[in-house]
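Notes follow the structure.
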Amino acid sequence: MDPICHIFLLLLVFHKINPSVLSCVTGCSCSQDSYGRSLLCMSALLRQIPTDIPQDIRKIRIENSHLTELPRGSFENVSALEYLWLNFNNITVMHIKSLEYLPALKELRLQGNKLSSVPWTAFQDSPALKILDLKHNRLDVLPEHALRYLPNLTYLDLSSNQLTVISRDVFSSWPVYQRSQRAEGQTEAISTTVLALHDNPWICDCRLRGFVQFIKSVGPAIILMNPYLTCSSPKFRAGKFFHEVELNSCMKPLTSALDTNMTVPVGLNVTLTCFVQASPSPAVWWNYALKLLRAFNVSTQPISEETVRSELLIPAARPADAGTYTCTAANFLGNSSAAIALRVGAPRAPTTPPGWAAVAPAEPGAHVEVRIAKQTVYGITLEWFAAAAEPGETWYTLLVGRYDAARKDTIYIGPGVNTYSVTDLLPATKYEVCVAVRNQAPRKGQCVIFVTGSDISQLEQREKLIHIVVIVCAMVLAVPAGMYACTAEARPGCLGRCPGACPRRRRGGQEQAAGSKESTLDSLPAGSQDGLCHPQGGRGAQQPPEHEEPDKARPPHRNSADLY
């Protein structure tokens with residue numbers, strides 16, 4: 001038989017005995033290189049580890065695919081595998097038995113995946129592992145036993161992850177480090193291991209103290225790929241190298257307050273303060289009556305490396321705010337608290353003219369311009385503008401009540417609000433409303449005086465009342481139905497002088513109605529602004545006609561919507 005035929009028959013028989021020699025995975029390529037027979041898969045359609053990998057494969061490289069996990073027994077058919085590269089996939093889960101049946105594995109590369117944790121005990125199944133590349137993942141924790149099952153590593157890359165704190169015990173239990181410690185001072189050569197830990201957001205506080213000491217003391221057996229590890233936080237250490245910082249031991253929080261018993265008058269802003277000594281920096285919160293207080297009223301700032309100050313703001317303290325406030329701080333070592341007792345007393349004695357009670361002594365510099373922005377049948381809406389240094393942080397005090405009342409209702413308005421509606425008013429009553437900046441008494445020009453009309457149901461009569469009041473007061477502002485307004489910068493004789501300047505109408509039934517309403521208004525306590533009342537014929541005076549033309553049409557009735 002021809003020798004060529006003999007060779008062909010031998011190859012055919014060998015292929016039948018071991019068909020995996022020439023076979024490969026669909027969509028992948030197989031080749032022979034220095035590693036042995038290799039499998040290369042770069043398909044974006046690949047979503048799981050192929051199950052038909054030839055048994056003689058020594059190296060697998062699957063990259064830029066859509067692998068999301070390494071399930072149990074993923075490589076049970078390729079027990080001779082030595083090199084496994086699974087870079088730049090979407091692997092998020094690695095099963096604890098994913099490396100089962102791989103005792104000869106020397107190199108595992110998982111760069112650029114989405115692993116947030118690794119089952120470190122999985123490496124018990126691959127004791128020959130020398131290279132482990134986990135850079136550019138999302139690892140945020142390295143448990144103390146993590147390196148215990150990696151006794152033969154010569155290269156470990158954990159760079160560009162999310163590691164913030166590592167215990168020194170992670171490395172003290174690492175067989176590689178233990179061997180290097182035993183070999184110190186000996187003349188025999190020892191193997192070296194490259195360790196990459198850079199580009200992680202390290203928190204340089206007491207929890208990292210042991211690790212920083214380890215980095216500073218590593219000998220020639222462990223080589224840092226980048227020895228300049230950098231702190232990311234806290235702020236006062238951000239950007240500093242490990243060899244530049246000295247970290248103290250951790251400390252359980254110790255909470256204290258300078259003033260544990262406070263008494264304040266009604267209406268004042270109150271700030272409760274506590275100080276906390278702790279390391280690492282603690283979480284701080286405030287409680288009142290077993291309720292957690294809102295965070296936007298709490299400010300916590302560091303004042304030194306191990307001390308923070310926490311402040312609780314209580315705006316416009318009221319009697320209901322009295323009680324015990326608790327400042328609590330906690331870190332991983334424990335927690336502690338400090339209690340502050342607050343008592344809210346009576347307002348301070350009035351320092352303003354009779355009829356007004358100031359919530360606090362006046363402070364210079366802030367003036368408020370107030371005006372009536374809207375009027376309705378039932379009330380008015382005030383609008384004010386304050387010439388304050390910080391308008392966005394200014395509180396206001398409104399004093400509302402009858403003009404002759406000894407004390408007015410006090411309303412506190414927070415920052416950013418410059419309108420308020422006064423409603424549910426009594427008919428035929430004179431009112432006064434003042435607006436002042438917090439911690440100030442009302443000043444000249446910061447009050448509005450107005451009188452509500454009689455409880456008259458007919459809109460026509462209500463319109464006549466308004467018409468008479470506007471003429472008497474010569475108001476420039478539009479006034480609401482059944483209401484007139486003057487500012488509190490008053491001359492007591494205003495309403496007394498105005499009737500003499502404005503001739504009255506005395507014609508039949510109209511004379512009787514008008515006279516009745518004018519006498520009602522004249523009997524109320526007066527208050528007007530300079531320049532609002534003018535002599536007859538002066539600027540701003542409105543002279544009513546001496547008599548009404550008989551053929552002149554009367555104004556049509558309006559509905560209630562027209563009164564706004």
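So you can find residues: chains in the structure tokens are A, B, ... in the order shown, residues in each start at 1, and ligands are numbered from 1 in order.
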
Problem set entry | Exercise: region 416-425 of chain A partners within 10 Å, only C-alpha atoms, chain neighbours under 5 positions left out, as a PyMOL selection string | chain A and resi 370-386+391-396+398+400-402+411+430-431+433+435+451-452

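Distances to Pro201 (chain A) were evaluated for A:Thr429, A:Ser233, A:Ser31, A:Ser173 using only C-alpha atoms, and the minimum falls at A:Ser233.
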
Problem set entry | Selection near Arg209 (chain A), 8 Å with only C-alpha atoms, sequence-local residues under 6 positions removed, as number ranges by chain | A: 246-249

Would you save the residues of that selection, restricted to C-alpha atoms, as a short mmCIF file (atom, residue, chain, number, x, y, z; two decimals), in the first residue's frame?
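What landed in result-v7.cif:
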data_model
loop_
_atom_site.label_atom_id
_atom_site.label_comp_id
_atom_site.auth_asym_id
_atom_site.auth_seq_id
_atom_site.Cartn_x
_atom_site.Cartn_y
_atom_site.Cartn_z
CA GLU A 246 0.08 59.42 61.08
CA LEU A 247 -3.16 57.78 62.14
CA ASN A 248 -4.36 57.39 65.73
CA SER A 249 -6.18 54.50 67.30
#

Might you pull out every residue within 8 Å of region 179-185 of chain A, with only C-alpha atoms counted and same-chain residues fewer than 5 positions away left off, and present them as a CSV table (one decimal) with C-alpha atoms, in the first residue's frame?
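What ended up in selection_31.csv:
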chain,number,residue,atom,x,y,z
A,190,ILE,CA,13.3,34.5,48.4
A,219,GLY,CA,10.1,44.4,52.7
A,221,ALA,CA,9.6,40.2,49.2
A,222,ILE,CA,6.5,42.3,48.4

For this session: Might you pull out every residue within 6 Å of region 155-162 of chain A, with only C-alpha atoms counted and same-chain residues fewer than 3 positions away left off, and present them as a list in words?
Result: Ile131, Leu132, Asp133, Leu134, Lys135, His136, Asn137, Arg138, Leu139, Asp140, Thr193, Val194, Leu195, Ala196, Leu197, His198, Asp199 and Asn200 of chain A

Exercise. So which bits of region 89-234 of chain A end up strand (DSSP E or B) when you DSSP the backbone, as a PyMOL selection string?
Worked result: chain A and resi 93-94+107-109+131-133+155-157+193-196+202-203+222-224+230-233

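Distances to Asp169 (chain A) were evaluated for A:Ser126, A:Gln213, A:Ser281, A:Ser304 using only C-alpha atoms, and the minimum falls at A:Gln213.
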
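Between CA of Val165 (chain A) and CA of Asp125 (chain A) lies a distance of 27.7 Å.
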
Exercise. Between A:Lys240, A:His95, A:Arg207, A:Lys106, which is the closest to Pro119 (chain A) once you count only C-alpha atoms?
Worked result: A:His95

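Atom to atom, CA of Ser167 (chain A) and CA of Gly210 (chain A) stand 6.3 Å apart.
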
For this session: Write out as number ranges by chain the residues lying within 9 Å of region 145-149 of chain A, counting only C-alpha atoms and excluding same-chain residues fewer than 6 positions away.
Result: A: 118-124, 126-127, 169-171, 173-176

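Between Val78 (chain A) and the candidates A:Leu105, A:Leu163, A:Ile96, A:Ala436, the tightest atom-to-atom separation, counting only C-alpha atoms, involves A:Leu105.
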
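Between CA of Thr192 (chain A) and CA of Ser79 (chain A) there is a distance of 28.1 Å.
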
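Every protein or nucleic acid residue with an atom no more than 10 Å from Cys327 (chain A), counting only C-alpha atoms and leaving out same-chain residues fewer than 5 positions away, appears here: Thr255, Ser256, Ala257, Leu272, Thr273, Cys274, Phe275, Val276, Val284, Trp285, Trp286, Asn287, Tyr288, Ser310, Glu311, Leu312, Ser336, Ser337, Ala338, Ala339 and Ile340 of chain A.
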
Could you write out the selected residues, including N, CA and C atoms, as an mmCIF file, in the first residue's frame?
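Produced file result-v6.cif, reproduced below:
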data_model
loop_
_atom_site.group_PDB
_atom_site.id
_atom_site.type_symbol
_atom_site.label_atom_id
_atom_site.label_comp_id
_atom_site.auth_asym_id
_atom_site.auth_seq_id
_atom_site.Cartn_x
_atom_site.Cartn_y
_atom_site.Cartn_z
ATOM 1 N N THR A 255 -19.771 62.170 73.892
ATOM 2 C CA THR A 255 -20.640 63.299 73.576
ATOM 3 C C THR A 255 -20.805 64.198 74.788
ATOM 4 N N SER A 256 -20.764 65.516 74.559
ATOM 5 C CA SER A 256 -20.917 66.479 75.657
ATOM 6 C C SER A 256 -21.610 67.729 75.133
ATOM 7 N N ALA A 257 -22.148 68.527 76.074
ATOM 8 C CA ALA A 257 -22.791 69.796 75.751
ATOM 9 C C ALA A 257 -22.353 70.838 76.767
ATOM 10 N N LEU A 272 -29.115 74.642 69.732
ATOM 11 C CA LEU A 272 -28.590 73.688 70.702
ATOM 12 C C LEU A 272 -27.313 73.075 70.119
ATOM 13 N N THR A 273 -26.274 72.984 70.931
ATOM 14 C CA THR A 273 -24.965 72.549 70.447
ATOM 15 C C THR A 273 -24.428 71.399 71.288
ATOM 16 N N CYS A 274 -23.890 70.385 70.608
ATOM 17 C CA CYS A 274 -23.183 69.315 71.298
ATOM 18 C C CYS A 274 -21.862 69.056 70.586
ATOM 19 N N PHE A 275 -20.889 68.555 71.336
ATOM 20 C CA PHE A 275 -19.568 68.245 70.804
ATOM 21 C C PHE A 275 -19.315 66.747 70.967
ATOM 22 N N VAL A 276 -18.690 66.162 69.938
ATOM 23 C CA VAL A 276 -18.435 64.722 69.950
ATOM 24 C C VAL A 276 -16.967 64.479 69.636
ATOM 25 N N VAL A 284 -24.130 61.577 63.595
ATOM 26 C CA VAL A 284 -24.743 62.335 64.689
ATOM 27 C C VAL A 284 -26.189 62.643 64.326
ATOM 28 N N TRP A 285 -27.094 62.461 65.286
ATOM 29 C CA TRP A 285 -28.494 62.819 65.066
ATOM 30 C C TRP A 285 -29.096 63.329 66.369
ATOM 31 N N TRP A 286 -30.255 64.022 66.243
ATOM 32 C CA TRP A 286 -30.952 64.612 67.391
ATOM 33 C C TRP A 286 -32.330 63.989 67.523
ATOM 34 N N ASN A 287 -32.737 63.778 68.780
ATOM 35 C CA ASN A 287 -34.068 63.259 69.075
ATOM 36 C C ASN A 287 -34.787 64.200 70.038
ATOM 37 N N TYR A 288 -36.098 64.272 69.855
ATOM 38 C CA TYR A 288 -36.952 65.029 70.779
ATOM 39 C C TYR A 288 -38.231 64.232 70.975
ATOM 40 N N SER A 310 -22.105 69.555 66.468
ATOM 41 C CA SER A 310 -23.428 69.404 65.870
ATOM 42 C C SER A 310 -24.369 70.446 66.475
ATOM 43 N N GLU A 311 -25.112 71.141 65.605
ATOM 44 C CA GLU A 311 -26.030 72.194 66.043
ATOM 45 C C GLU A 311 -27.430 71.909 65.551
ATOM 46 N N LEU A 312 -28.384 72.094 66.445
ATOM 47 C CA LEU A 312 -29.802 71.951 66.109
ATOM 48 C C LEU A 312 -30.462 73.316 66.210
ATOM 49 N N SER A 336 -22.841 57.193 72.144
ATOM 50 C CA SER A 336 -23.057 57.919 73.394
ATOM 51 C C SER A 336 -23.979 59.090 73.116
ATOM 52 N N SER A 337 -24.579 59.646 74.196
ATOM 53 C CA SER A 337 -25.575 60.705 74.043
ATOM 54 C C SER A 337 -25.354 61.793 75.085
ATOM 55 N N ALA A 338 -25.883 62.977 74.764
ATOM 56 C CA ALA A 338 -25.925 64.096 75.701
ATOM 57 C C ALA A 338 -27.303 64.730 75.606
ATOM 58 N N ALA A 339 -27.908 65.033 76.755
ATOM 59 C CA ALA A 339 -29.256 65.598 76.791
ATOM 60 C C ALA A 339 -29.189 67.079 77.154
ATOM 61 N N ILE A 340 -30.048 67.872 76.496
ATOM 62 C CA ILE A 340 -30.157 69.304 76.761
ATOM 63 C C ILE A 340 -31.616 69.613 77.068
#
